[in-house]
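Shown next: model_24.cif, given as mmCIF, C-alpha atoms.
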data_target
#
loop_
_atom_site.label_atom_id
_atom_site.label_comp_id
_atom_site.auth_asym_id
_atom_site.auth_seq_id
_atom_site.Cartn_x
_atom_site.Cartn_y
_atom_site.Cartn_z
CA MET F 1 25.07 12.44 25.24
CA PHE F 2 23.59 15.67 23.94
CA ALA F 3 24.13 18.88 25.82
CA SER F 4 21.15 20.98 26.82
CA CYS F 5 20.80 24.35 25.15
CA THR F 6 18.47 27.26 24.50
CA ASP F 7 18.32 28.70 20.99
CA LYS F 8 16.54 32.05 21.09
CA ASP F 9 17.02 32.72 17.37
CA ASN F 10 15.02 29.58 16.51
CA ASN F 11 12.48 30.30 19.24
CA THR F 12 12.86 26.80 20.64
CA ASN F 13 13.88 25.56 24.05
CA THR F 14 15.59 22.37 25.18
CA GLU F 15 16.26 21.31 28.77
CA LYS F 16 17.40 18.18 30.56
CA LYS F 17 15.12 16.32 32.94
CA ASP F 18 15.58 12.83 34.34
CA GLY F 19 18.50 12.24 32.00
CA MET F 20 16.42 13.02 28.89
CA THR F 21 16.39 15.87 26.41
CA ILE F 22 13.03 17.66 26.41
CA THR F 23 12.47 19.64 23.23
CA ASP F 24 9.73 22.26 23.11
CA PHE F 25 9.02 23.44 19.57
CA LYS F 26 7.65 27.02 19.52
CA ASP F 27 5.49 28.36 16.72
CA ASP F 28 7.23 30.74 14.33
CA LYS F 29 5.03 31.22 11.26
CA GLU F 30 7.41 33.64 9.58
CA THR F 31 10.28 31.14 9.78
CA GLN F 32 8.02 28.31 8.57
CA GLU F 33 6.93 30.25 5.49
CA THR F 34 10.55 30.99 4.63
CA ASP F 35 11.48 27.32 5.03
CA VAL F 36 8.66 26.20 2.71
CA GLU F 37 9.73 28.67 0.03
CA LYS F 38 13.38 27.71 0.32
CA ASP F 39 12.98 23.96 0.53
CA ILE F 40 10.22 22.36 -1.54
CA SER F 41 11.50 18.80 -0.84
CA ILE F 42 9.74 18.64 2.52
CA GLU F 43 6.41 19.44 0.85
CA LYS F 44 7.02 16.76 -1.77
CA LEU F 45 7.74 14.25 1.00
CA LYS F 46 4.64 15.30 2.91
CA LYS F 47 2.57 14.78 -0.26
CA GLN F 48 4.01 11.27 -0.67
CA ILE F 49 3.09 10.50 2.94
CA SER F 50 -0.42 11.90 2.53
CA ASP F 51 -1.02 10.16 -0.81
CA SER F 52 -0.11 6.81 0.77
CA GLY F 53 -2.89 7.27 3.33
CA ALA F 54 -0.41 7.44 6.21
CA LYS F 55 -0.42 9.97 9.04
CA LEU F 56 3.33 9.99 9.70
CA GLY F 57 6.40 9.40 7.59
CA VAL F 58 9.13 7.58 9.51
CA ALA F 59 12.66 6.80 8.35
CA TYR F 60 14.99 4.56 10.31
CA LEU F 61 18.48 6.06 9.97
CA GLY F 62 20.62 3.42 11.66
CA CYS F 63 22.05 3.22 15.17
CA PHE F 64 24.08 6.26 16.09
CA GLY F 65 24.33 8.12 19.39
CA GLU F 66 27.46 10.22 19.69
CA THR F 67 27.62 14.05 19.78
CA PHE F 68 25.17 16.07 17.71
CA ASP F 69 28.00 17.25 15.41
CA ASP F 70 29.00 13.62 14.82
CA THR F 71 25.37 12.78 14.13
CA LYS F 72 25.14 15.52 11.51
CA GLU F 73 28.33 14.28 9.87
CA TYR F 74 26.93 10.73 9.86
CA LEU F 75 23.69 11.87 8.18
CA LYS F 76 25.74 13.69 5.56
CA ASP F 77 27.87 10.59 4.88
CA LEU F 78 24.69 8.50 4.66
CA GLY F 79 23.41 10.78 1.87
CA ILE F 80 20.35 12.01 3.78
CA TYR F 81 21.07 15.65 2.96
CA GLU F 82 21.03 14.89 -0.76
CA ASP F 83 17.58 13.30 -0.60
CA TYR F 84 16.09 15.55 2.06
CA PRO F 85 17.94 18.89 2.23
CA PHE F 86 15.71 20.16 5.06
CA VAL F 87 17.44 17.71 7.43
CA GLU F 88 20.73 19.62 7.00
CA GLU F 89 19.04 22.69 8.47
CA MET F 90 17.88 20.85 11.57
CA GLU F 91 19.47 21.85 14.86
CA LEU F 92 19.80 20.37 18.33
CA ASP F 93 16.36 21.74 19.20
CA ASP F 94 14.90 19.47 16.49
CA LEU F 95 16.13 16.38 18.33
CA VAL F 96 14.19 14.44 20.97
CA VAL F 97 16.22 11.96 23.02
CA ASN F 98 15.22 9.13 25.31
CA GLU F 99 17.70 6.44 26.40
CA ASN F 100 18.79 5.80 22.90
CA ASN F 101 20.37 3.63 20.27
CA GLU F 102 18.17 3.89 17.17
CA MET F 103 17.77 7.08 15.09
CA TYR F 104 14.55 8.02 13.33
CA LEU F 105 13.38 10.94 11.20
CA VAL F 106 9.68 11.65 11.77
CA VAL F 107 7.66 13.80 9.33
CA PRO F 108 3.92 14.50 9.82
CA ALA F 109 1.75 14.22 6.68
CA GLY F 110 0.37 17.76 6.94
CA ASN F 111 1.31 21.21 8.19
CA THR F 112 -1.16 21.58 11.05
CA GLU F 113 -0.59 18.51 13.24
CA THR F 114 0.73 18.67 16.77
CA VAL F 115 2.91 15.67 17.59
CA LYS F 116 3.78 14.79 21.18
CA ILE F 117 6.54 12.38 22.17
CA TYR F 118 6.23 10.52 25.47
CA ASP F 119 8.50 8.25 27.44
CA GLY F 120 7.19 4.71 26.91
CA VAL F 121 6.80 2.89 30.24
CA LEU F 122 6.26 -0.88 30.27
CA ASN F 123 3.34 -2.10 32.38
CA GLU F 124 4.80 -5.24 33.98
CA ASP F 125 1.35 -6.76 34.51
CA THR F 126 -0.01 -6.36 30.97
CA PHE F 127 3.35 -6.07 29.11
CA GLU F 128 1.87 -3.07 27.28
CA LEU F 129 3.62 0.25 26.69
CA GLU F 130 2.00 3.21 28.46
CA LYS F 131 2.58 6.97 28.27
CA GLY F 132 5.03 8.37 30.77
CA GLU F 133 6.69 11.77 30.90
CA LEU F 134 6.29 14.17 27.95
CA LEU F 135 9.68 14.35 26.23
CA GLY F 136 8.93 16.79 23.43
CA GLU F 137 6.32 18.42 21.23
CA ALA F 138 6.34 19.43 17.56
CA ILE F 139 3.63 21.78 16.28
CA ASP F 140 2.38 22.71 12.80
CA GLY F 141 3.66 19.53 11.21
CA LYS F 142 7.30 20.21 11.96
CA PRO F 143 9.65 17.24 11.33
CA PHE F 144 12.03 16.08 14.04
CA LEU F 145 14.81 13.60 14.75
CA LEU F 146 14.32 10.97 17.43
CA LEU F 147 16.87 8.86 19.31
CA CYS F 148 15.29 6.06 21.32
CA ASN F 149 15.01 2.32 22.03
CA ILE F 150 17.70 0.64 24.11
CA SER F 151 16.35 -2.63 22.73
CA GLU F 152 14.09 -3.44 19.81
CA ILE F 153 12.23 -5.94 22.03
CA ILE F 154 10.56 -3.11 23.96
CA PRO F 155 10.38 0.40 22.41
CA ASN F 156 10.71 3.23 24.91
CA VAL F 157 8.76 6.09 23.28
CA ILE F 158 5.16 6.72 22.24
CA ILE F 159 4.51 9.23 19.43
CA SER F 160 1.00 10.67 19.69
CA THR F 161 -0.89 12.80 17.14
CA GLY F 162 -4.66 12.94 16.76
CA ASP F 163 -6.00 9.42 17.30
CA LEU F 164 -2.66 7.79 16.42
CA GLU F 165 -0.26 6.38 18.98
CA TYR F 166 2.87 4.86 17.49
CA SER F 167 6.12 3.40 18.83
CA PRO F 168 8.84 2.99 16.19
CA CYS F 169 10.59 -0.37 16.33
CA LEU F 170 12.44 -2.78 14.06
CA SER F 171 11.61 -6.31 13.04
CA GLY F 172 14.10 -8.92 14.18
CA GLU F 173 13.55 -10.76 10.89
CA ASP F 174 14.93 -8.16 8.49
CA GLY F 175 15.95 -5.14 10.61
CA GLU F 176 13.34 -2.94 8.93
CA LEU F 177 10.46 -0.98 10.46
CA VAL F 178 7.55 -3.10 11.63
CA GLU F 179 4.75 -2.45 9.11
CA ASP F 180 1.92 -0.12 10.16
CA GLN F 181 -0.86 1.16 7.91
CA ASP F 182 -0.61 4.64 9.44
CA ILE F 183 3.15 4.91 8.81
CA TYR F 184 4.90 5.71 5.53
CA ASP F 185 8.34 4.09 5.62
CA PHE F 186 11.00 6.00 3.67
CA SER F 187 14.06 4.48 5.34
CA PRO F 188 17.31 4.27 3.29
CA TYR F 189 17.92 0.60 4.15
CA GLU F 190 20.45 -0.16 1.43
CA ARG F 191 22.58 2.86 2.31
CA ILE F 192 22.51 1.93 6.00
CA ARG F 193 23.59 -1.63 5.26
CA GLU F 194 26.35 -0.50 2.95
CA TYR F 195 27.58 2.11 5.43
CA PHE F 196 27.70 -0.22 8.42
CA ASP F 197 29.13 -3.14 6.46
CA ILE F 198 32.12 -0.90 5.70
CA ARG F 199 32.32 0.55 9.21
CA ASN F 200 31.97 -2.77 11.02
CA GLY F 201 33.99 -4.93 8.65
CA ILE F 202 31.35 -7.66 8.52
CA ALA F 203 32.79 -10.55 6.54
CA ASP F 204 31.13 -11.89 3.41
CA GLY F 205 28.78 -14.73 4.23
CA ALA F 206 27.76 -13.43 7.67
CA ASP F 207 24.65 -15.47 8.35
CA PRO F 208 21.52 -13.29 8.80
CA VAL F 209 20.18 -16.05 11.05
CA PHE F 210 22.10 -14.32 13.85
CA CYS F 211 20.00 -11.18 13.50
CA GLY F 212 17.12 -10.69 15.87
CA SER F 213 16.31 -10.37 19.54
CA TRP F 214 17.57 -13.07 21.88
CA PHE F 215 16.73 -13.73 25.52
CA GLY F 216 18.56 -15.95 28.01
CA GLU F 217 19.09 -16.60 31.70
CA SER F 218 22.31 -17.58 33.46
CA GLU F 219 23.91 -17.34 36.88
CA ASN F 220 26.90 -15.05 37.29
CA GLY F 221 29.99 -15.86 39.34
CA ASP F 222 28.08 -15.07 42.55
CA TYR F 223 25.31 -17.56 41.66
CA GLU F 224 22.83 -14.75 41.02
CA LEU F 225 20.38 -15.56 38.22
CA MET F 226 20.52 -12.87 35.53
CA ALA F 227 18.12 -12.20 32.66
CA MET F 228 20.06 -11.36 29.49
CA SER F 229 18.85 -9.60 26.33
CA LEU F 230 21.01 -9.52 23.18
CA ASP F 231 19.91 -7.71 20.00
CA LEU F 232 21.87 -8.21 16.78
CA TYR F 233 20.76 -5.94 13.93
CA VAL F 234 21.27 -6.49 10.22
CA ASP F 235 23.13 -3.17 9.97
CA GLY F 236 25.82 -4.46 12.35
CA ALA F 237 24.58 -2.63 15.42
CA ALA F 238 24.15 -4.50 18.69
CA THR F 239 22.80 -3.97 22.20
CA TYR F 240 23.24 -6.12 25.29
CA VAL F 241 21.39 -5.69 28.60
CA TYR F 242 21.38 -7.84 31.72
CA GLY F 243 19.88 -7.63 35.18
CA VAL F 244 17.65 -9.40 37.70
CA GLY F 245 14.33 -10.30 36.05
CA ASN F 246 12.36 -7.31 34.74
CA SER F 247 13.91 -4.90 37.24
CA GLU F 248 16.18 -2.02 36.29
CA PRO F 249 19.16 -3.27 34.23
CA THR F 250 22.40 -3.92 36.08
CA GLU F 251 24.39 -2.95 32.97
CA TRP F 252 23.63 -2.23 29.34
CA PHE F 253 25.88 -1.83 26.34
CA MET F 254 25.58 -0.51 22.80
CA GLY F 255 27.92 -0.97 19.87
CA GLU F 256 28.62 -3.30 16.98
CA TRP F 257 28.71 -6.99 16.12
CA SER F 258 30.67 -8.63 13.34
CA PHE F 259 31.29 -12.11 12.02
CA ASP F 260 34.76 -13.60 11.64
CA ALA F 261 34.16 -16.12 8.85
CA GLU F 262 37.69 -17.54 9.04
CA ARG F 263 37.33 -18.48 12.72
CA ASP F 264 33.53 -18.93 12.54
CA MET F 265 33.02 -16.56 15.48
CA ILE F 266 30.59 -13.80 16.43
CA LEU F 267 32.43 -10.75 17.78
CA LEU F 268 31.00 -7.97 19.96
CA ASP F 269 32.59 -4.53 20.27
CA MET F 270 30.49 -2.50 22.70
CA TYR F 271 30.56 0.34 25.20
CA GLY F 272 28.49 0.90 28.33
CA GLY F 273 28.12 -0.18 31.94
CA PRO F 274 25.79 0.62 34.86
CA PRO F 275 23.09 3.06 33.65
CA ASN F 276 23.24 6.54 35.14
CA ASP F 277 19.93 7.65 36.66
CA TYR F 278 21.18 10.89 38.19
CA GLU F 279 18.85 13.74 37.22
CA ASP F 280 21.65 16.33 37.07
CA SER F 281 23.91 14.30 34.75
CA ASP F 282 24.14 14.19 30.95
CA GLU F 283 26.04 10.90 31.04
CA LEU F 284 24.32 7.65 30.11
CA PHE F 285 26.63 5.40 32.13
CA ILE F 286 28.42 5.37 35.47
CA ASP F 287 32.14 4.69 34.88
CA PRO F 288 31.60 3.36 31.32
CA TYR F 289 33.98 0.83 29.83
CA GLU F 290 34.52 -1.28 26.71
CA LEU F 291 33.10 -4.78 26.36
CA LYS F 292 34.89 -6.71 23.62
CA CYS F 293 34.49 -10.45 23.26
CA GLY F 294 34.17 -13.33 20.81
CA PHE F 295 31.98 -16.46 20.78
CA LYS F 296 31.79 -19.74 18.95
CA TRP F 297 28.19 -20.21 17.88
CA ASP F 298 25.58 -22.86 17.17
CA MET F 299 21.85 -22.90 16.40
CA ASP F 300 19.30 -25.32 17.83
CA TYR F 301 15.70 -25.58 16.64
CA ARG F 302 13.53 -26.91 19.46
CA ASP F 303 9.80 -27.26 20.04
CA ASP F 304 9.74 -24.11 22.19
CA GLY F 305 11.70 -21.94 19.76
CA THR F 306 14.99 -21.20 18.03
CA TYR F 307 18.11 -21.01 20.16
CA LEU F 308 21.38 -19.19 19.57
CA ILE F 309 24.09 -20.95 21.58
CA LEU F 310 27.19 -18.86 22.30
CA THR F 311 30.37 -20.19 23.91
CA HIS F 312 32.76 -17.54 25.20
CA GLU F 313 36.18 -17.90 23.54
CA GLU F 314 38.01 -14.61 23.98
CA GLY F 315 37.88 -11.16 25.51
CA ASP F 316 35.68 -9.89 28.31
CA PRO F 317 32.98 -12.09 29.90
CA ILE F 318 29.38 -10.95 29.37
CA LEU F 319 28.62 -11.93 32.97
CA TRP F 320 31.06 -11.61 35.85
CA GLY F 321 32.93 -14.84 36.56
CA LYS F 322 31.72 -16.63 33.41
CA ASN F 323 34.84 -16.83 31.26
CA GLY F 324 34.54 -19.71 28.81
CA ALA F 325 30.88 -20.33 29.68
CA THR F 326 28.17 -21.38 27.21
CA PHE F 327 24.97 -19.34 27.05
CA GLU F 328 21.66 -20.33 25.46
CA PHE F 329 19.52 -17.52 24.03
CA VAL F 330 16.00 -18.16 22.75
CA GLU F 331 14.69 -16.02 19.89
CA SER F 332 12.20 -13.50 21.20
CA SER F 333 10.22 -10.70 19.58
CA GLU F 334 8.15 -9.94 22.67
CA PRO F 335 8.51 -10.23 26.45
CA ILE F 336 8.53 -13.83 27.60
CA GLU F 337 5.75 -14.67 30.05
CA GLU F 338 7.29 -16.02 33.22
CA ASP F 339 6.17 -19.45 34.44
CA TYR F 340 6.44 -20.15 38.16
CA THR F 341 4.46 -23.40 38.31
CA PHE F 342 7.70 -25.16 39.29
CA LEU F 343 7.30 -23.57 42.73
CA ILE F 344 4.10 -25.48 43.44
CA GLY F 345 4.79 -28.32 45.89
CA SER F 346 6.32 -28.99 49.29
CA TRP F 347 9.85 -27.89 50.03
CA GLY F 348 12.01 -28.60 53.04
CA VAL F 349 15.41 -28.08 54.63
CA ILE F 350 16.69 -30.00 57.65
CA SER F 351 19.46 -28.86 60.00
CA GLU F 352 20.72 -30.38 63.27
CA THR F 353 18.32 -28.31 65.34
CA GLU F 354 15.17 -27.91 63.23
CA GLU F 355 13.14 -28.87 60.18
CA THR F 356 11.74 -26.08 58.02
CA TYR F 357 8.96 -26.66 55.48
CA LEU F 358 7.39 -24.38 52.88
CA GLU F 359 4.29 -25.54 51.00
CA ILE F 360 3.25 -23.67 47.85
CA PHE F 361 -0.25 -24.41 46.51
CA ASP F 362 -1.64 -23.77 43.02
CA ASN F 363 -4.54 -21.68 44.42
CA GLY F 364 -2.14 -19.01 45.66
CA GLU F 365 -2.06 -20.21 49.27
CA ALA F 366 1.12 -20.97 51.23
CA HIS F 367 1.96 -22.78 54.48
CA TYR F 368 5.24 -22.30 56.36
CA TYR F 369 6.11 -24.20 59.53
CA VAL F 370 9.15 -25.11 61.63
CA VAL F 371 9.45 -28.30 63.68
CA CYS F 372 11.95 -28.80 66.55
CA ASP F 373 12.18 -32.24 68.22
CA GLY F 374 8.79 -33.17 66.80
CA VAL F 375 7.09 -30.02 68.12
CA THR F 376 5.78 -27.31 65.78
CA GLN F 377 7.45 -24.06 66.83
CA LYS F 378 6.21 -21.83 64.01
CA ASN F 379 3.02 -22.23 62.01
CA PHE F 380 2.04 -19.64 59.39
CA TYR F 381 -0.62 -19.63 56.66
CA GLY F 382 -1.19 -17.03 53.94
CA SER F 383 -0.51 -16.35 50.27
CA TRP F 384 2.34 -16.27 47.78
CA THR F 385 3.08 -14.39 44.57
CA ALA F 386 5.91 -14.62 42.06
CA GLY F 387 7.32 -12.34 39.39
CA ASP F 388 10.62 -10.88 38.22
CA LEU F 389 12.41 -13.98 39.59
CA THR F 390 11.10 -13.13 43.07
CA LEU F 391 8.93 -15.08 45.51
CA GLY F 392 6.73 -12.97 47.77
CA LEU F 393 5.23 -14.39 50.98
CA SER F 394 2.52 -12.82 53.12
CA LEU F 395 1.76 -15.12 56.09
CA TYR F 396 -0.04 -14.98 59.44
CA GLN F 397 0.52 -17.06 62.58
CA PHE F 398 -1.75 -19.96 63.57
CA SER F 399 -1.60 -22.41 66.47
CA GLU F 400 -0.32 -25.96 66.01
CA ASP F 401 -3.87 -27.29 65.56
CA GLY F 402 -4.59 -24.72 62.83
CA SER F 403 -6.77 -22.37 64.89
CA ALA F 404 -6.22 -18.63 64.65
CA VAL F 405 -3.99 -16.91 67.22
CA GLU F 406 -5.57 -13.98 69.06
CA GLU F 407 -2.74 -11.59 68.16
CA PRO F 408 -1.03 -13.33 65.24
CA ALA F 409 2.50 -12.51 64.24
CA VAL F 410 3.04 -11.49 60.62
CA PHE F 411 5.67 -13.10 58.44
CA PHE F 412 6.44 -11.61 55.05
CA GLY F 413 9.24 -11.00 52.60
CA ASP F 414 10.51 -11.09 49.03
CA TYR F 415 13.08 -13.70 48.10
CA GLY F 416 15.17 -14.01 44.95
CA ILE F 417 14.54 -17.30 43.12
CA SER F 418 17.02 -19.72 41.58
CA TYR F 419 16.02 -23.27 40.58
CA ASP F 420 18.25 -25.95 39.06
CA GLY F 421 15.57 -28.61 38.57
CA GLU F 422 16.09 -30.17 42.00
CA PHE F 423 16.99 -27.53 44.54
CA LEU F 424 15.24 -24.20 45.07
CA THR F 425 17.55 -21.45 46.32
CA LEU F 426 15.93 -18.44 47.99
CA SER F 427 17.93 -15.26 48.63
CA LEU F 428 17.17 -12.34 50.94
CA ILE F 429 16.91 -9.28 48.71
CA VAL F 430 15.48 -6.56 50.99
CA GLU F 431 16.28 -5.65 54.58
CA ALA F 432 12.69 -6.18 55.76
CA THR F 433 12.68 -9.80 54.62
CA ASP F 434 12.61 -12.39 57.42
CA PRO F 435 15.12 -15.28 57.39
CA LEU F 436 13.09 -18.46 56.95
CA THR F 437 15.25 -20.50 59.33
CA ALA F 438 16.89 -19.86 62.68
CA PHE F 439 20.07 -21.31 61.19
CA MET F 440 20.08 -18.52 58.61
CA GLU F 441 19.44 -15.87 61.24
CA GLU F 442 22.10 -17.15 63.65
CA ASN F 443 24.79 -17.40 60.96
CA GLY F 444 23.86 -14.35 58.89
CA TYR F 445 23.25 -16.39 55.74
CA GLU F 446 21.50 -14.57 52.90
CA GLN F 447 20.80 -17.69 50.82
CA PHE F 448 19.51 -21.15 51.59
CA MET F 449 18.43 -24.19 49.59
CA LEU F 450 15.18 -26.14 49.78
CA CYS F 451 14.65 -29.58 48.34
CA GLY F 452 11.32 -30.88 47.07
CA VAL F 453 9.73 -33.28 49.57
CA GLY F 454 6.55 -34.26 47.74
#

What would the structure in this file look like if it were written as structure tokens?
Amino acid sequence: MFASCTDKDNNTNTEKKDGMTITDFKDDKETQETDVEKDISIEKLKKQISDSGAKLGVAYLGCFGETFDDTKEYLKDLGIYEDYPFVEEMELDDLVVNENNEMYLVVPAGNTETVKIYDGVLNEDTFELEKGELLGEAIDGKPFLLLCNISEIIPNVIISTGDLEYSPCLSGEDGELVEDQDIYDFSPYERIREYFDIRNGIADGADPVFCGSWFGESENGDYELMAMSLDLYVDGAATYVYGVGNSEPTEWFMGEWSFDAERDMILLDMYGGPPNDYEDSDELFIDPYELKCGFKWDMDYRDDGTYLILTHEEGDPILWGKNGATFEFVESSEPIEEDYTFLIGSWGVISETEETYLEIFDNGEAHYYVVCDGVTQKNFYGSWTAGDLTLGLSLYQFSEDGSAVEEPAVFFGDYGISYDGEFLTLSLIVEATDPLTAFMEENGYEQFMLCGVG
């Protein structure tokens, strides 16, 4: 989205790595002294930040991620240059980019801090954000622009200075920065709302109840269970991501949402596709395309949360093969902890030639056995794990009477999970996974269904 460049006159350097812009801010005291003399507004802002007791000033500037020239024009139209003239002098080297949708202006309270910006990596075990690759560094209290956050549910950067680690993110309740005692919020919220209301054509009476982060699950046209994340912001911006569990997204989109009051429909106008992870590419997407669609809506308030119910009425489907489908999204401000207790029990499938049984116990143990004409042909014991809509089995062979085999065979694999309340469907998802039945192996089937047997 932003080309890499080297600006020798400004003594800064920017390069691309892993699809991200890495900005290295070099020290130039002579230039800094000139800037302070020329532009007192930055010192006034720093004093406001310091007087508030905060360590950083952060302004959310809306969702915008086109070319840098377009970004500068947007900031001018938003009136940022009038309030903070130093922003007009900022160049591409003053921008740090991760996979992005939200724009922030970050200003340290003093003139001596070093601020480092890291890629924020989600720990899938603790659901906590951890430091990844260093994306950029600002020294001597230099302000910078930041583009980040595919989704407000999980920020994707960590800003570190002194003993402060901070990840900018928005509240799903009002679309404003989540409060933090170390952060001075000077965001121009009213200007952002006015600007995007005009740009997006949001009708009067658009219900703010739509705004927030929504999570849902649904099968696509190939019966693959997809996790879906939909963020609707109060400024009219929107993001949509879907994929298998917590794995890498299959596709993600960014754009706008609006409300057609006359037809009582929520409309999405977005752009995206499969994410591009090629290191030598500046493009965010592989073969990007437009996603434009409209939904009838309803709200349902249940014991386990608030639901946004969307029924596809027009335009592109948000999952392949799901034209006209109804999707239920539950309101979510944090990752939903997955519950796999439904797996616990005995499952079986019976064909003409064999009976296959899989027993899942609540202590983490598992038993898999195959019976042909009343004789146990396979008998394996071991353990099971589940996560990211995947069942993992690690089993070892035992004799029919349960005694250990001298040289036991090993049976293992990871299987995609789909459960409709009665039948459990397991899918082969990696080449090393063993088919659980001879019928599968003989016919090349990648999916099979088990039914609870007690």

Pairwise distance for atom CA of Leu424 of chain F and atom CA of Gln377 of chain F, rounded to one decimal in Å: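 For atom CA of Leu424 of chain F relative to atom CA of Gln377 of chain F, the distance reads 23.1 Å.
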
I'd like the residues picked by the PyMOL selection byres ((chain F and resi 180-196) around 10) written out as a tab-separated table (two decimals) with C-alpha atoms, keeping the file's coordinate frame, using the chain letters and numbers from the file.
chain	number	residue	atom	x	y	z
F	45	LEU	CA	7.74	14.25	1.00
F	46	LYS	CA	4.64	15.30	2.91
F	48	GLN	CA	4.01	11.27	-0.67
F	49	ILE	CA	3.09	10.50	2.94
F	50	SER	CA	-0.42	11.90	2.53
F	51	ASP	CA	-1.02	10.16	-0.81
F	52	SER	CA	-0.11	6.81	0.77
F	53	GLY	CA	-2.89	7.27	3.33
F	54	ALA	CA	-0.41	7.44	6.21
F	55	LYS	CA	-0.42	9.97	9.04
F	56	LEU	CA	3.33	9.99	9.70
F	57	GLY	CA	6.40	9.40	7.59
F	58	VAL	CA	9.13	7.58	9.51
F	59	ALA	CA	12.66	6.80	8.35
F	60	TYR	CA	14.99	4.56	10.31
F	61	LEU	CA	18.48	6.06	9.97
F	62	GLY	CA	20.62	3.42	11.66
F	63	CYS	CA	22.05	3.22	15.17
F	74	TYR	CA	26.93	10.73	9.86
F	77	ASP	CA	27.87	10.59	4.88
F	78	LEU	CA	24.69	8.50	4.66
F	79	GLY	CA	23.41	10.78	1.87
F	80	ILE	CA	20.35	12.01	3.78
F	83	ASP	CA	17.58	13.30	-0.60
F	104	TYR	CA	14.55	8.02	13.33
F	105	LEU	CA	13.38	10.94	11.20
F	106	VAL	CA	9.68	11.65	11.77
F	107	VAL	CA	7.66	13.80	9.33
F	108	PRO	CA	3.92	14.50	9.82
F	109	ALA	CA	1.75	14.22	6.68
F	164	LEU	CA	-2.66	7.79	16.42
F	165	GLU	CA	-0.26	6.38	18.98
F	166	TYR	CA	2.87	4.86	17.49
F	168	PRO	CA	8.84	2.99	16.19
F	175	GLY	CA	15.95	-5.14	10.61
F	176	GLU	CA	13.34	-2.94	8.93
F	177	LEU	CA	10.46	-0.98	10.46
F	178	VAL	CA	7.55	-3.10	11.63
F	179	GLU	CA	4.75	-2.45	9.11
F	197	ASP	CA	29.13	-3.14	6.46
F	198	ILE	CA	32.12	-0.90	5.70
F	199	ARG	CA	32.32	0.55	9.21
F	200	ASN	CA	31.97	-2.77	11.02
F	201	GLY	CA	33.99	-4.93	8.65
F	202	ILE	CA	31.35	-7.66	8.52
F	234	VAL	CA	21.27	-6.49	10.22
F	235	ASP	CA	23.13	-3.17	9.97
F	236	GLY	CA	25.82	-4.46	12.35
F	237	ALA	CA	24.58	-2.63	15.42
F	256	GLU	CA	28.62	-3.30	16.98

At most 12 Å is the cut-off: for each residue in segment 328-379 of chain F with any atom that close to an atom of segment 287-303 of chain F, write down the nearest atom pair and the distance in Å rounded to one decimal, counting only C-alpha atoms, chain first then increasing number, as JSON lines.
{"residue": "F:Glu328", "atom": "CA", "partner": "F:Asp300", "partner_atom": "CA", "distance": 9.4}
{"residue": "F:Phe329", "atom": "CA", "partner": "F:Met299", "partner_atom": "CA", "distance": 9.6}
{"residue": "F:Val330", "atom": "CA", "partner": "F:Asp300", "partner_atom": "CA", "distance": 9.3}
{"residue": "F:Glu331", "atom": "CA", "partner": "F:Tyr301", "partner_atom": "CA", "distance": 10.1}

Given the PyMOL selection byres ((chain F and resi 218-222) around 6), the residues it picks as a ChimeraX atom specification: /F:217,223-226,319-321

Residue with smallest distance to Leu393 of chain F - pool F:Leu428, F:Tyr415, F:Val375, F:Phe215, counting all atoms listed in the file: F:Tyr415

Output of the PyMOL selection byres ((chain F and resi 347) around 12), listed as a ChimeraX atom specification: /F:342-346,348-350,355-361,366-370,422-426,448-454
